[in-house]
Structure formats: structure tokens, C-alpha cells
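Structure file entry_5.txt (compact mmCIF, C-alpha atoms and all ligand atoms) is printed below.
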# COMPACT_ATOMS: atom_id res chain seq x y z
CA MET E 19 14.94 22.12 11.58
CA THR E 20 18.18 21.32 9.85
CA GLY E 21 17.79 17.72 8.79
CA LEU E 22 19.84 15.47 6.60
CA VAL E 23 18.10 16.82 3.52
CA ASP E 24 18.90 20.42 4.35
CA SER E 25 22.56 19.56 4.53
CA CYS E 26 22.29 17.68 1.21
CA LEU E 27 20.71 20.77 -0.33
CA GLN E 28 23.53 22.94 0.95
CA GLU E 29 26.06 20.57 -0.52
CA THR E 30 24.45 20.11 -3.89
CA GLY E 31 22.53 23.32 -4.42
CA LYS E 32 19.57 21.16 -5.49
CA GLY E 33 16.16 20.91 -3.93
CA GLN E 34 13.98 22.62 -6.51
CA PRO E 35 10.40 21.61 -5.90
CA LEU E 36 9.56 18.56 -7.94
CA ALA E 37 8.21 19.30 -11.41
CA SER E 38 8.63 23.03 -11.00
CA GLY E 39 8.07 23.58 -14.70
CA ASN E 40 10.36 26.60 -14.59
CA GLY E 41 13.16 25.08 -16.61
CA GLU E 42 15.28 24.49 -13.52
CA ALA E 43 13.89 21.07 -12.72
CA ASN E 44 16.25 18.19 -12.23
CA MET E 45 16.08 16.25 -15.49
CA ASP E 46 18.31 13.30 -14.77
CA MET E 47 16.22 11.30 -12.30
CA ASP E 48 18.65 12.16 -9.54
CA PHE E 49 16.82 12.50 -6.23
CA THR E 50 19.65 14.12 -4.29
CA GLY E 51 18.12 16.27 -1.56
CA ARG E 52 14.71 14.66 -1.95
CA VAL E 53 12.82 12.65 0.64
CA VAL E 54 10.79 9.67 -0.55
CA VAL E 55 8.23 7.78 1.54
CA VAL E 56 7.39 4.26 0.36
CA THR E 57 4.66 2.29 2.12
CA GLY E 58 4.78 -1.48 1.99
CA SER E 59 8.53 -1.29 1.42
CA ALA E 60 9.46 -4.21 3.67
CA SER E 61 8.68 -6.55 0.75
CA GLY E 62 8.05 -6.95 -2.97
CA ILE E 63 7.42 -3.92 -5.18
CA GLY E 64 7.85 -1.44 -2.31
CA ARG E 65 11.20 -2.88 -1.32
CA ALA E 66 12.39 -2.67 -4.94
CA CYS E 67 11.22 0.98 -4.96
CA ALA E 68 13.29 1.72 -1.88
CA ARG E 69 16.37 0.28 -3.58
CA GLU E 70 15.74 2.13 -6.87
CA PHE E 71 15.17 5.50 -5.15
CA SER E 72 18.25 4.98 -2.96
CA ALA E 73 20.36 4.23 -6.01
CA ARG E 74 19.29 7.67 -7.26
CA HIS E 75 20.33 9.34 -4.00
CA ALA E 76 16.96 9.91 -2.33
CA ALA E 77 16.56 9.77 1.43
CA VAL E 78 14.14 6.84 1.76
CA ALA E 79 11.56 6.25 4.49
CA ILE E 80 10.59 2.58 4.75
CA VAL E 81 7.01 2.59 6.07
CA ASP E 82 5.54 -0.82 6.85
CA ARG E 83 3.85 -2.77 9.66
CA ASP E 84 6.35 -5.63 9.26
CA ALA E 85 9.06 -4.54 11.70
CA LYS E 86 11.50 -7.37 11.03
CA ASN E 87 11.64 -7.02 7.25
CA GLY E 88 11.19 -3.24 7.40
CA GLN E 89 14.20 -2.82 9.64
CA GLN E 90 16.15 -5.23 7.46
CA ALA E 91 15.27 -3.23 4.32
CA SER E 92 16.45 -0.04 6.01
CA ASN E 93 19.66 -1.68 7.27
CA GLU E 94 20.42 -3.01 3.79
CA LEU E 95 20.32 0.53 2.36
CA ARG E 96 22.22 2.12 5.25
CA ASP E 97 24.95 -0.53 4.98
CA LYS E 98 25.48 0.69 1.42
CA GLY E 99 25.85 4.27 2.67
CA PHE E 100 22.38 5.46 1.64
CA ALA E 101 20.11 7.65 3.79
CA ALA E 102 17.24 5.41 4.93
CA ASP E 103 15.17 4.72 8.01
CA TYR E 104 12.38 2.38 9.03
CA PHE E 105 9.07 3.71 10.37
CA ASN E 106 6.77 1.13 11.95
CA CYS E 107 3.24 1.91 10.82
CA ASP E 108 -0.06 0.21 10.14
CA VAL E 109 -1.25 2.33 7.22
CA THR E 110 -4.91 1.64 8.07
CA SER E 111 -4.56 3.79 11.20
CA ALA E 112 -4.87 7.57 10.84
CA ALA E 113 -2.96 8.15 14.06
CA GLN E 114 -0.08 5.90 12.99
CA VAL E 115 0.15 7.39 9.49
CA GLU E 116 0.17 10.93 10.88
CA GLN E 117 2.86 9.95 13.37
CA ALA E 118 4.93 8.25 10.66
CA MET E 119 4.76 11.25 8.29
CA ASN E 120 5.73 13.61 11.12
CA GLY E 121 8.53 11.21 12.04
CA VAL E 122 9.85 11.28 8.46
CA VAL E 123 9.88 15.08 8.51
CA SER E 124 11.70 15.13 11.85
CA ARG E 125 14.27 12.66 10.55
CA PHE E 126 14.84 13.93 7.01
CA GLY E 127 13.49 17.50 6.97
CA GLY E 128 10.44 17.13 4.71
CA ILE E 129 8.58 14.94 2.21
CA ASP E 130 8.87 15.28 -1.59
CA VAL E 131 7.51 11.95 -2.84
CA ALA E 132 4.97 9.53 -1.37
CA VAL E 133 4.54 6.09 -2.91
CA SER E 134 1.33 4.53 -1.57
CA ASN E 135 2.05 0.92 -2.27
CA ALA E 136 1.11 -1.15 0.81
CA GLY E 137 -1.70 -3.57 0.13
CA ILE E 138 -3.15 -7.03 0.64
CA GLN E 139 -4.81 -9.56 -1.66
CA ARG E 140 -7.92 -11.46 -0.56
CA TYR E 141 -10.72 -13.36 -2.31
CA GLY E 142 -14.51 -13.41 -2.17
CA THR E 143 -17.74 -12.31 -3.85
CA VAL E 144 -20.21 -9.75 -2.55
CA VAL E 145 -22.26 -12.67 -1.21
CA THR E 146 -19.50 -14.70 0.44
CA LEU E 147 -17.57 -11.75 1.93
CA SER E 148 -18.21 -10.72 5.50
CA GLU E 149 -18.41 -7.05 6.41
CA GLN E 150 -15.13 -7.49 8.27
CA GLU E 151 -13.37 -8.99 5.23
CA TRP E 152 -14.64 -6.15 3.04
CA ASP E 153 -13.39 -3.53 5.51
CA GLU E 154 -10.02 -5.23 5.92
CA VAL E 155 -9.21 -4.94 2.20
CA LEU E 156 -10.74 -1.50 1.66
CA ASP E 157 -8.83 -0.18 4.68
CA ALA E 158 -5.48 -1.73 3.75
CA ASN E 159 -5.62 -0.90 0.05
CA LEU E 160 -7.71 2.29 -0.31
CA LYS E 161 -8.07 4.08 3.02
CA SER E 162 -4.31 3.72 3.48
CA ALA E 163 -3.59 5.77 0.35
CA PHE E 164 -6.10 8.41 1.46
CA LEU E 165 -4.37 8.65 4.85
CA VAL E 166 -0.84 8.79 3.42
CA SER E 167 -1.93 11.56 1.02
CA LYS E 168 -3.79 13.41 3.77
CA TYR E 169 -0.74 13.54 6.02
CA ALA E 170 2.01 13.80 3.37
CA ILE E 171 0.57 16.53 1.13
CA PRO E 172 0.77 19.37 3.70
CA HIS E 173 4.50 18.60 4.08
CA MET E 174 4.90 18.59 0.26
CA LEU E 175 3.14 21.94 0.02
CA ALA E 176 5.53 23.34 2.61
CA ARG E 177 8.38 22.47 0.22
CA GLY E 178 6.68 23.89 -2.89
CA GLY E 179 5.28 20.71 -4.37
CA GLY E 180 5.73 17.00 -4.70
CA SER E 181 4.67 13.78 -6.37
CA ILE E 182 2.39 10.94 -5.31
CA VAL E 183 2.47 7.55 -6.97
CA ILE E 184 -0.17 5.00 -6.05
CA THR E 185 0.15 1.28 -6.74
CA GLY E 186 -3.15 0.24 -8.25
CA SER E 187 -3.40 -2.89 -10.39
CA VAL E 188 -4.70 -4.03 -13.74
CA GLN E 189 -7.72 -4.53 -11.48
CA SER E 190 -8.03 -0.74 -11.33
CA ALA E 191 -9.36 -1.05 -14.90
CA ALA E 192 -10.54 -4.66 -15.22
CA ALA E 193 -11.59 -7.43 -12.85
CA GLN E 194 -10.69 -10.92 -11.72
CA ARG E 195 -13.38 -13.27 -10.46
CA ASN E 196 -14.01 -13.74 -6.74
CA SER E 197 -12.12 -10.57 -5.81
CA ALA E 198 -14.89 -7.98 -5.30
CA HIS E 199 -13.31 -6.04 -2.45
CA TYR E 200 -9.83 -6.09 -4.04
CA VAL E 201 -11.21 -4.90 -7.40
CA VAL E 202 -13.20 -2.12 -5.76
CA SER E 203 -10.20 -0.98 -3.73
CA LYS E 204 -7.97 -0.87 -6.80
CA HIS E 205 -10.59 0.97 -8.91
CA GLY E 206 -10.88 3.45 -6.02
CA LEU E 207 -7.14 4.12 -6.02
CA LEU E 208 -7.28 5.34 -9.62
CA GLY E 209 -10.07 7.71 -8.63
CA LEU E 210 -8.03 8.89 -5.68
CA ALA E 211 -4.99 9.65 -7.90
CA ARG E 212 -7.18 11.62 -10.31
CA SER E 213 -8.83 13.56 -7.46
CA ILE E 214 -5.50 14.51 -5.90
CA ALA E 215 -4.09 15.50 -9.31
CA LEU E 216 -7.05 17.82 -9.84
CA ASP E 217 -7.27 19.26 -6.34
CA PHE E 218 -3.54 20.00 -5.93
CA GLY E 219 -2.24 20.39 -9.50
CA LYS E 220 -2.02 24.17 -9.26
CA GLN E 221 0.05 23.75 -6.11
CA ASN E 222 2.68 21.76 -7.97
CA ILE E 223 1.64 18.31 -6.78
CA ARG E 224 1.27 15.51 -9.30
CA ALA E 225 -0.50 12.22 -8.60
CA ASN E 226 -0.51 9.10 -10.74
CA CYS E 227 -1.63 5.50 -10.46
CA ILE E 228 0.28 2.54 -11.84
CA LEU E 229 -1.50 -0.61 -12.97
CA PRO E 230 0.82 -3.61 -12.61
CA GLY E 231 0.04 -7.02 -14.06
CA SER E 232 1.30 -10.11 -12.20
CA VAL E 233 4.53 -9.36 -10.40
CA ASP E 234 6.84 -11.95 -8.85
CA THR E 235 6.50 -11.01 -5.17
CA PRO E 236 5.60 -12.77 -1.90
CA MET E 237 1.99 -11.60 -2.40
CA LEU E 238 1.72 -13.39 -5.72
CA HIS E 239 3.21 -16.59 -4.32
CA TRP E 240 0.88 -16.39 -1.31
CA ALA E 241 -2.07 -16.23 -3.73
CA ALA E 242 -0.72 -19.08 -5.89
CA ASN E 243 -0.28 -21.26 -2.82
CA LEU E 244 -4.03 -21.06 -2.09
CA ASP E 245 -4.47 -23.35 -5.12
CA SER E 246 -3.90 -27.11 -5.04
CA SER E 247 -1.38 -26.60 -7.86
CA PRO E 248 0.59 -23.37 -7.29
CA GLU E 249 2.81 -24.19 -10.27
CA ARG E 250 -0.23 -24.24 -12.57
CA VAL E 251 -1.28 -20.81 -11.26
CA LEU E 252 2.19 -19.36 -11.83
CA GLN E 253 2.27 -20.73 -15.39
CA ALA E 254 -1.16 -19.20 -16.05
CA CYS E 255 0.10 -15.88 -14.71
CA ASP E 256 3.06 -15.99 -17.09
CA ALA E 257 0.85 -16.90 -20.05
CA MET E 258 -1.68 -14.08 -19.71
CA HIS E 259 0.88 -11.36 -20.47
CA ILE E 260 1.87 -10.48 -24.06
CA ARG E 261 5.46 -10.67 -22.81
CA GLY E 262 4.86 -14.32 -21.89
CA ARG E 263 5.99 -13.86 -18.31
CA MET E 264 5.11 -12.00 -15.15
CA GLY E 265 6.99 -8.83 -14.18
CA THR E 266 9.77 -8.33 -11.67
CA PRO E 267 9.41 -5.91 -8.74
CA GLU E 268 12.26 -3.86 -10.24
CA GLU E 269 10.42 -3.43 -13.56
CA VAL E 270 7.51 -1.87 -11.67
CA ALA E 271 9.72 0.15 -9.32
CA ARG E 272 11.56 1.83 -12.18
CA VAL E 273 8.29 3.16 -13.61
CA ILE E 274 7.32 4.44 -10.16
CA VAL E 275 10.68 6.23 -9.90
CA PHE E 276 10.17 7.78 -13.33
CA LEU E 277 6.66 9.01 -12.40
CA ALA E 278 8.03 10.51 -9.18
CA SER E 279 10.83 12.28 -11.02
CA ASP E 280 10.94 15.60 -12.83
CA LEU E 281 11.18 13.70 -16.12
CA ALA E 282 7.45 13.05 -15.68
CA SER E 283 6.67 16.71 -14.99
CA PHE E 284 3.71 16.76 -17.43
CA VAL E 285 2.22 13.44 -16.28
CA THR E 286 -0.55 13.74 -13.71
CA GLY E 287 -3.87 12.05 -13.07
CA ALA E 288 -2.68 9.21 -15.28
CA ALA E 289 -3.27 5.47 -15.19
CA ILE E 290 -0.01 3.89 -16.31
CA ASN E 291 -0.10 0.21 -17.26
CA VAL E 292 2.99 -1.72 -16.15
CA ASP E 293 1.53 -5.03 -17.15
CA GLY E 294 3.56 -6.68 -19.90
CA GLY E 295 0.57 -6.04 -22.18
CA LEU E 296 -1.91 -7.99 -20.03
CA LEU E 297 -4.80 -5.58 -20.63
CA VAL E 298 -4.41 -5.50 -24.42
CA PRO E 299 -5.61 -8.80 -25.96
CA VAL E 300 -9.37 -9.02 -26.46
CA GLY E 301 -10.50 -12.24 -24.78
CA GLY E 302 -7.09 -12.76 -23.17
CA MET E 303 -3.97 -14.41 -24.57
CA SER E 304 -5.53 -17.90 -24.49
CA PHE E 305 -8.29 -16.74 -26.87
CA GLN E 306 -5.78 -14.96 -29.07
CA GLU E 307 -3.66 -18.10 -29.29
CA SER E 308 -6.59 -20.50 -29.75
CA GLY E 309 -6.59 -20.08 -33.53
CA THR E 310 -10.31 -19.28 -33.56
CA GLY E 311 -11.81 -16.33 -35.40
CA GLY E 312 -8.89 -15.95 -37.82
CA SER E 313 -6.64 -14.81 -35.00
CA LYS E 314 -3.72 -17.17 -35.78
CA VAL E 315 -0.50 -15.30 -36.65
P1 LIG H 401 4.00 -7.89 -0.76
O1 LIG H 401 3.08 -8.70 0.06
O2 LIG H 401 5.28 -8.47 -1.21
O3 LIG H 401 4.30 -6.50 -0.01
C1 LIG H 401 3.28 -5.76 0.56
C2 LIG H 401 3.84 -5.00 1.75
O4 LIG H 401 2.77 -4.19 2.27
C3 LIG H 401 4.32 -5.91 2.89
O5 LIG H 401 5.60 -5.51 3.32
C4 LIG H 401 3.28 -5.70 3.98
O6 LIG H 401 3.80 -5.83 5.30
C5 LIG H 401 2.83 -4.27 3.69
N1 LIG H 401 1.51 -4.00 4.25
C6 LIG H 401 0.35 -4.65 4.00
N2 LIG H 401 -0.65 -4.14 4.75
C7 LIG H 401 -0.09 -3.14 5.51
C8 LIG H 401 -0.59 -2.27 6.50
N3 LIG H 401 -1.87 -2.29 6.87
N4 LIG H 401 0.26 -1.37 7.05
C9 LIG H 401 1.56 -1.33 6.69
N5 LIG H 401 2.10 -2.17 5.78
C10 LIG H 401 1.28 -3.07 5.19
O7 LIG H 401 3.12 -7.43 -2.02
P2 LIG H 401 3.49 -6.75 -3.43
O8 LIG H 401 3.14 -7.73 -4.47
O9 LIG H 401 4.81 -6.11 -3.40
O10 LIG H 401 2.33 -5.65 -3.45
C11 LIG H 401 2.57 -4.26 -3.38
C12 LIG H 401 1.39 -3.56 -4.02
O11 LIG H 401 1.32 -3.95 -5.39
C13 LIG H 401 0.04 -3.90 -3.41
O12 LIG H 401 -0.75 -2.73 -3.32
C14 LIG H 401 -0.57 -4.86 -4.43
O13 LIG H 401 -1.97 -4.85 -4.40
C15 LIG H 401 0.00 -4.31 -5.70
N6 LIG H 401 0.01 -5.23 -6.82
C16 LIG H 401 0.71 -6.40 -6.75
C17 LIG H 401 0.69 -7.25 -7.83
C18 LIG H 401 1.43 -8.56 -7.84
O14 LIG H 401 1.20 -9.39 -8.76
N7 LIG H 401 2.34 -8.80 -6.91
C19 LIG H 401 -0.04 -6.93 -8.99
C20 LIG H 401 -0.74 -5.74 -9.03
C21 LIG H 401 -0.70 -4.88 -7.93
In C-alpha cells, write the structure found in this file.
Ligand code: NAD
Amino acid sequence: MTGLVDSCLQETGKGQPLASGNGEANMDMDFTGRVVVVTGSASGIGRACAREFSARHAAVAIVDRDAKNGQQASNELRDKGFAADYFNCDVTSAAQVEQAMNGVVSRFGGIDVAVSNAGIQRYGTVVTLSEQEWDEVLDANLKSAFLVSKYAIPHMLARGGGSIVITGSVQSAAAQRNSAHYVVSKHGLLGLARSIALDFGKQNIRANCILPGSVDTPMLHWAANLDSSPERVLQACDAMHIRGRMGTPEEVARVIVFLASDLASFVTGAAINVDGGLLVPVGGMSFQESGTGGSKV
């Protein structure tokens, strides 16, 4: 079918498979002629991704279960003249993800990049959590990325390759208390990225997992508001990063765009920290700044 992307390719002569490694790859992070799917792009990090990819001329598929904000995100991009569309989808449903990926291909002509970013934050230990609460988080955070990969990769292969970026967390490598299901889901996403990288690397598909620290999004504020003093939580979030502050959605989105681009053609199966240094200090920043153990600078 001759979709929007086909006509872009005719106009620009671009459309090499991502990370072709043949010296013809697009080396300027321009996504002209490329189709990018971003899940969870009605809000937060995903929405910033949609804006950053659009600014680099990708056709962007906004995939989210939040119809109001999803449609608004799509309208915002279209009003600026960018190619974008909203696809209503609960990413925990195989049928809905398959339908959404097929819908993206019908609308834009293919899929080159899939950013599996949709997720939820919940709290509990293995004793306090119900089976239903466990399943809710594992489905939303981990099964969703499996399903998006399952239904996007065949379309990428049809175009000669592609790139998958998965939004993990610093909790893909470390753990916060009282978050057993969230921690397990985020550890699993790193394993998923590595498995995809290995299974499809020879077919020109790269897969990477980013590990953000605290990022200033509605999810983070929702979590802070569970506390009797949300302001105290936000200050603690700022303080645990070497940078002394939490990240912005744009700071995370730009790394995702880089990983999806040909500039990252030799990066696959990687865990990329986008955490303002959160994972570095032994014992955390409060220990480092306590003056104990000769640690005072
Ligand atoms: P957010 O709540 O602002 O956005 C999440 C989006 O995902 C929402 O639009 C929501 O509707 C969508 N979503 C959730 N479940 C869905 C489902 N089943 N089907 C379709 N859409 C669904 O959150 P955010 O902070 O932007 O989080 C994005 C990702 O970043 C998540 O995977 C989160 O775990 C991860 N992350 C966030 C932080 C942080 O501090 N904000 C830190 C590390 C990792």
C-alpha cells in the first residue's frame, strides 16, 4: 500500500533500514520516512518522545489507553504540521496491540521504531500483594513490551530492520522497598531487550533498555501524593541524584531518540542509565554527604 511514508521516501530518497551498517545509514538523527510507535505517549516520557521524534520528522503513532490525552497529543503534533495519529490501545491486550500495530501499518505504511514505554507504578511486598495486583503490574509493564515487540517486529523485518527501545527504570538494576512487582517487571524488561537483541540482531533489529531515575511526570507526582507530605517526597527524589534534581521527560526522550537512530547503530542489548547519576553513589547520596567514613569532599 502506498502510505504517507512511501510518499515521504519518494520525496526524500531516504528510507534505508535503520542501522544498516552499510555506510548509507542516516547519520543526522533525521527520521524522515520513518514510522515510530510510542506506547504510553498520552503523558509524561512517552509524550515527550512523540514531540522529539516529530521534531526530527518521523511519522509518530501515539499508542495509549487514555483516549482524551492521546487524541490531544496527536492533535498537538498535527497542528504543527507533523505526521501523527492516535491509536486507542490497552497494551495488556494481545488483540488490541495486534490491531494497533496493523492500524499503524495501514496508516503510515510500516513500522521502523517501537518505543515500549507505557507503564504503571504500584506498591506492595510479596506478602501484602494480591495475585491480582501482581498481575496488573506485570501485565502493564512487562507483558505489554512483549506484545508490542511480538506484533511490531514482523513489520520491521518486512522493511529490512528496525529499533526497539524499552523504558525500564533504575529499578531494572536496583530496587526500592515495597515495590516487588514493579521491580520484577522492570528487571524483566532489561532481559526482554537483551533477548530481542540476541534473537533478531542478525536481521538488523536492535533492542535497548533505558534506566531512568526520577522523572518529573504525572506518574511521579501520583506516587508522591500517596505520602502525607508530597513535598518531602519530591525533595528526597531531587536529593538522591548526583545532579541534585530529578530529570525532565525531554531529557529521557532525547536518549530514546538517539538509541532509535542510526547514530546508535552499534548499540544493542544495552542498559543505558538516564538517571542523573542515581545508581552511582555507594550507600546513596545521603550517605555520601553524611561526612562519615572520610567521604567529605
Ligand atoms: P505517566 O503516567 O505520565 O505516563 C504513562 C502513560 O502510559 C499514560 O499515558 C498511561 O495512560 C499509559 N498507560 C499505562 N498503562 C497502559 C496500558 N495498559 N495501555 C495503554 N497505555 C497505558 O508515566 P511516566 O512517568 O511518563 O512513565 C513512562 C514510563 O517510564 C513507565 O514505564 C515508567 O515505569 C517509566 N519510568 C518512570 C519514571 C518516573 O520517575 N516518572 C522513572 C523510571 C521509569
8 Å contact set for E:Gln221, all atoms listed in the file, chain neighbours under 4 positions out, as a ChimeraX atom specification: /E:175,178-179
Selected residue of minimal separation from E:Gln189 among E:Ala215, E:Ala163, E:Ala136, E:Cys227, counting all atoms listed in the file: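 Going through E:Ala215, E:Ala163, E:Ala136, E:Cys227 one by one, the smallest distance to E:Gln189 is for E:Cys227.
Nearest to ligand LIG 401 (chain H) of all the residues E:Leu216, E:Ala225, E:Ala76, E:Ala66 is E:Ala66, based on all atoms listed in the file.
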Taking all atoms listed in the file into account, produce a table as CSV in which each residue of chain E with an atom at most 8 Å from an atom of ligand LIG 401 (chain H) appears once, together with its shortest atom pair and the distance in Å to one decimal, ordered by chain and rising number.
residue,atom,partner,partner_atom,distance
E:Thr57,CA,H:LIG401,N5,6.3
E:Gly58,CA,H:LIG401,O4,3.4
E:Ser59,CA,H:LIG401,O5,5.5
E:Ala60,CA,H:LIG401,O5,4.1
E:Ser61,CA,H:LIG401,O5,4.1
E:Gly62,CA,H:LIG401,O9,3.4
E:Ile63,CA,H:LIG401,O9,3.8
E:Gly64,CA,H:LIG401,O9,5.7
E:Arg65,CA,H:LIG401,O9,7.5
E:Val81,CA,H:LIG401,C9,6.7
E:Asp82,CA,H:LIG401,N5,3.8
E:Arg83,CA,H:LIG401,C9,4.0
E:Asp84,CA,H:LIG401,O6,4.7
E:Asn87,CA,H:LIG401,O5,7.4
E:Gly88,CA,H:LIG401,O5,7.3
E:Asn106,CA,H:LIG401,C9,7.8
E:Cys107,CA,H:LIG401,C9,5.5
E:Asp108,CA,H:LIG401,N4,3.5
E:Val109,CA,H:LIG401,N4,4.0
E:Thr110,CA,H:LIG401,N3,5.1
E:Ser111,CA,H:LIG401,N3,7.9
E:Ser134,CA,H:LIG401,O12,7.8
E:Asn135,CA,H:LIG401,O12,4.7
E:Ala136,CA,H:LIG401,O4,3.8
E:Gly137,CA,H:LIG401,O12,3.7
E:Ile138,CA,H:LIG401,C6,5.4
E:Gln139,CA,H:LIG401,O13,6.1
E:Asp157,CA,H:LIG401,N3,7.6
E:Ala158,CA,H:LIG401,N3,4.8
E:Asn159,CA,H:LIG401,O12,6.2
E:Ser162,CA,H:LIG401,N3,7.3
E:Thr185,CA,H:LIG401,O12,5.3
E:Gly186,CA,H:LIG401,C21,5.7
E:Ser187,CA,H:LIG401,C20,4.1
E:Val188,CA,H:LIG401,C20,6.4
E:Gln189,CA,H:LIG401,C20,7.5
E:Tyr200,CA,H:LIG401,O13,8.0
E:Lys204,CA,H:LIG401,O13,7.6
E:Leu229,CA,H:LIG401,C20,6.5
E:Pro230,CA,H:LIG401,C20,4.4
E:Gly231,CA,H:LIG401,C19,5.1
E:Ser232,CA,H:LIG401,O14,3.5
E:Val233,CA,H:LIG401,O14,3.7
E:Asp234,CA,H:LIG401,N7,5.8
E:Thr235,CA,H:LIG401,O8,4.7
E:Pro236,CA,H:LIG401,O2,4.4
E:Met237,CA,H:LIG401,O1,4.0
E:Leu238,CA,H:LIG401,N7,4.8
E:Met264,CA,H:LIG401,O14,7.9
E:Gly265,CA,H:LIG401,O14,8.0
E:Pro267,CA,H:LIG401,O9,7.1
Exercise: E:Phe49 partners within 8 Å, only C-alpha atoms, chain neighbours under 4 positions left out, as a ChimeraX atom specification: /E:53,71,74-76,279
Please enclose the listed atoms of stretch 269-280 of chain E in an axis-aligned box, pad each side by 8 Å, and write out the centre and the three edge lengths in Å, rounded to one decimal, as lines of an AutoDock Vina configuration file.
center_x = 9.1
center_y = 6.1
center_z = -11.4
size_x = 20.9
size_y = 35.0
size_z = 20.4
Nearby residues (only C-alpha atoms) at most 8 Å from E:Asp130, same-chain spacing under 4 positions excluded, as a PyMOL selection string: chain E and resi 35-36+52-54+173-174+177+179-181
Could you save those same residues with C-alpha atoms as an mmCIF file, keeping the file's coordinate frame?
data_model
loop_
_atom_site.group_PDB
_atom_site.id
_atom_site.type_symbol
_atom_site.label_atom_id
_atom_site.label_comp_id
_atom_site.auth_asym_id
_atom_site.auth_seq_id
_atom_site.Cartn_x
_atom_site.Cartn_y
_atom_site.Cartn_z
ATOM 1 C CA PRO E 35 10.400 21.610 -5.900
ATOM 2 C CA LEU E 36 9.560 18.560 -7.940
ATOM 3 C CA ARG E 52 14.710 14.660 -1.950
ATOM 4 C CA VAL E 53 12.820 12.650 0.640
ATOM 5 C CA VAL E 54 10.790 9.670 -0.550
ATOM 6 C CA HIS E 173 4.500 18.600 4.080
ATOM 7 C CA MET E 174 4.900 18.590 0.260
ATOM 8 C CA ARG E 177 8.380 22.470 0.220
ATOM 9 C CA GLY E 179 5.280 20.710 -4.370
ATOM 10 C CA GLY E 180 5.730 17.000 -4.700
ATOM 11 C CA SER E 181 4.670 13.780 -6.370
#
Do you know which residues are at most 12 Å from stretch 254-259 of chain E counting all atoms listed in the file, after dropping those on the same chain fewer than 6 positions away, and could you put them as an mmCIF file with C-alpha atoms, keeping the file's coordinate frame?
data_model
loop_
_atom_site.group_PDB
_atom_site.id
_atom_site.type_symbol
_atom_site.label_atom_id
_atom_site.label_comp_id
_atom_site.auth_asym_id
_atom_site.auth_seq_id
_atom_site.Cartn_x
_atom_site.Cartn_y
_atom_site.Cartn_z
ATOM 1 C CA VAL E 188 -4.700 -4.030 -13.740
ATOM 2 C CA PRO E 230 0.820 -3.610 -12.610
ATOM 3 C CA GLY E 231 0.040 -7.020 -14.060
ATOM 4 C CA SER E 232 1.300 -10.110 -12.200
ATOM 5 C CA VAL E 233 4.530 -9.360 -10.400
ATOM 6 C CA ASP E 234 6.840 -11.950 -8.850
ATOM 7 C CA LEU E 238 1.720 -13.390 -5.720
ATOM 8 C CA HIS E 239 3.210 -16.590 -4.320
ATOM 9 C CA ALA E 241 -2.070 -16.230 -3.730
ATOM 10 C CA ALA E 242 -0.720 -19.080 -5.890
ATOM 11 C CA SER E 247 -1.380 -26.600 -7.860
ATOM 12 C CA PRO E 248 0.590 -23.370 -7.290
ATOM 13 C CA GLY E 265 6.990 -8.830 -14.180
ATOM 14 C CA THR E 266 9.770 -8.330 -11.670
ATOM 15 C CA VAL E 292 2.990 -1.720 -16.150
ATOM 16 C CA ASP E 293 1.530 -5.030 -17.150
ATOM 17 C CA GLY E 294 3.560 -6.680 -19.900
ATOM 18 C CA GLY E 295 0.570 -6.040 -22.180
ATOM 19 C CA LEU E 296 -1.910 -7.990 -20.030
ATOM 20 C CA LEU E 297 -4.800 -5.580 -20.630
ATOM 21 C CA VAL E 298 -4.410 -5.500 -24.420
ATOM 22 C CA PRO E 299 -5.610 -8.800 -25.960
ATOM 23 C CA VAL E 300 -9.370 -9.020 -26.460
ATOM 24 C CA GLY E 301 -10.500 -12.240 -24.780
ATOM 25 C CA GLY E 302 -7.090 -12.760 -23.170
ATOM 26 C CA MET E 303 -3.970 -14.410 -24.570
ATOM 27 C CA SER E 304 -5.530 -17.900 -24.490
ATOM 28 C CA PHE E 305 -8.290 -16.740 -26.870
ATOM 29 C CA GLN E 306 -5.780 -14.960 -29.070
ATOM 30 C CA GLU E 307 -3.660 -18.100 -29.290
#
Among listed residues E:Cys67, E:Leu252, E:Ala132, E:Leu95, nearest E:Ser167 (using all atoms listed in the file):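 Smallest separation from E:Ser167 among the options: E:Ala132.
For the atom pair formed by atom CA of E:Gly142 and atom CA of E:His199, the distance is 7.5 Å, given to one decimal.
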Interatomic distance, atom CA of E:Gln90 to atom CA of E:Ala113 (Å, one decimal): 24.2 Å
Do a neighbour search on E:Ser92 at 9 Å with only C-alpha atoms, toss out local chain neighbours closer than 5 positions, and write the hits as a short mmCIF file (atom, residue, chain, number, x, y, z; two decimals) with C-alpha atoms, keeping the file's coordinate frame.
data_model
loop_
_atom_site.label_atom_id
_atom_site.label_comp_id
_atom_site.auth_asym_id
_atom_site.auth_seq_id
_atom_site.Cartn_x
_atom_site.Cartn_y
_atom_site.Cartn_z
CA ALA E 60 9.46 -4.21 3.67
CA ALA E 68 13.29 1.72 -1.88
CA VAL E 78 14.14 6.84 1.76
CA ALA E 79 11.56 6.25 4.49
CA ILE E 80 10.59 2.58 4.75
CA ASN E 87 11.64 -7.02 7.25
CA ASP E 97 24.95 -0.53 4.98
CA ALA E 101 20.11 7.65 3.79
CA ALA E 102 17.24 5.41 4.93
CA ASP E 103 15.17 4.72 8.01
CA TYR E 104 12.38 2.38 9.03
#
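Between E:Ser72 and the candidates E:Lys168, E:Arg263, E:Arg140, E:Arg96, the tightest atom-to-atom separation, counting all atoms listed in the file, involves E:Arg96.
Of the listed residues E:Ala198, E:Ile290, E:Leu277, E:Met119, the one whose atoms come nearest to E:Pro172 is E:Met119, with distances taken using only C-alpha atoms.
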Local residues around (-6.3, 8.6, -14.5), at most 8 Å away, using only C-alpha atoms, as a list in words: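 Output: Leu208, Gly209, Ala211, Arg212, Asn226, Cys227, Thr286, Gly287, Ala288 and Ala289 of chain E.
Atom CA of E:Ala176 is positioned 23.8 Å from atom CA of E:Asp46.
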Counting all atoms listed in the file, the option among E:Asn93, E:Asn243, E:Asn291, E:Thr143 closest to E:Arg69: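 Going through E:Asn93, E:Asn243, E:Asn291, E:Thr143 one by one, the smallest distance to E:Arg69 is for E:Asn93.
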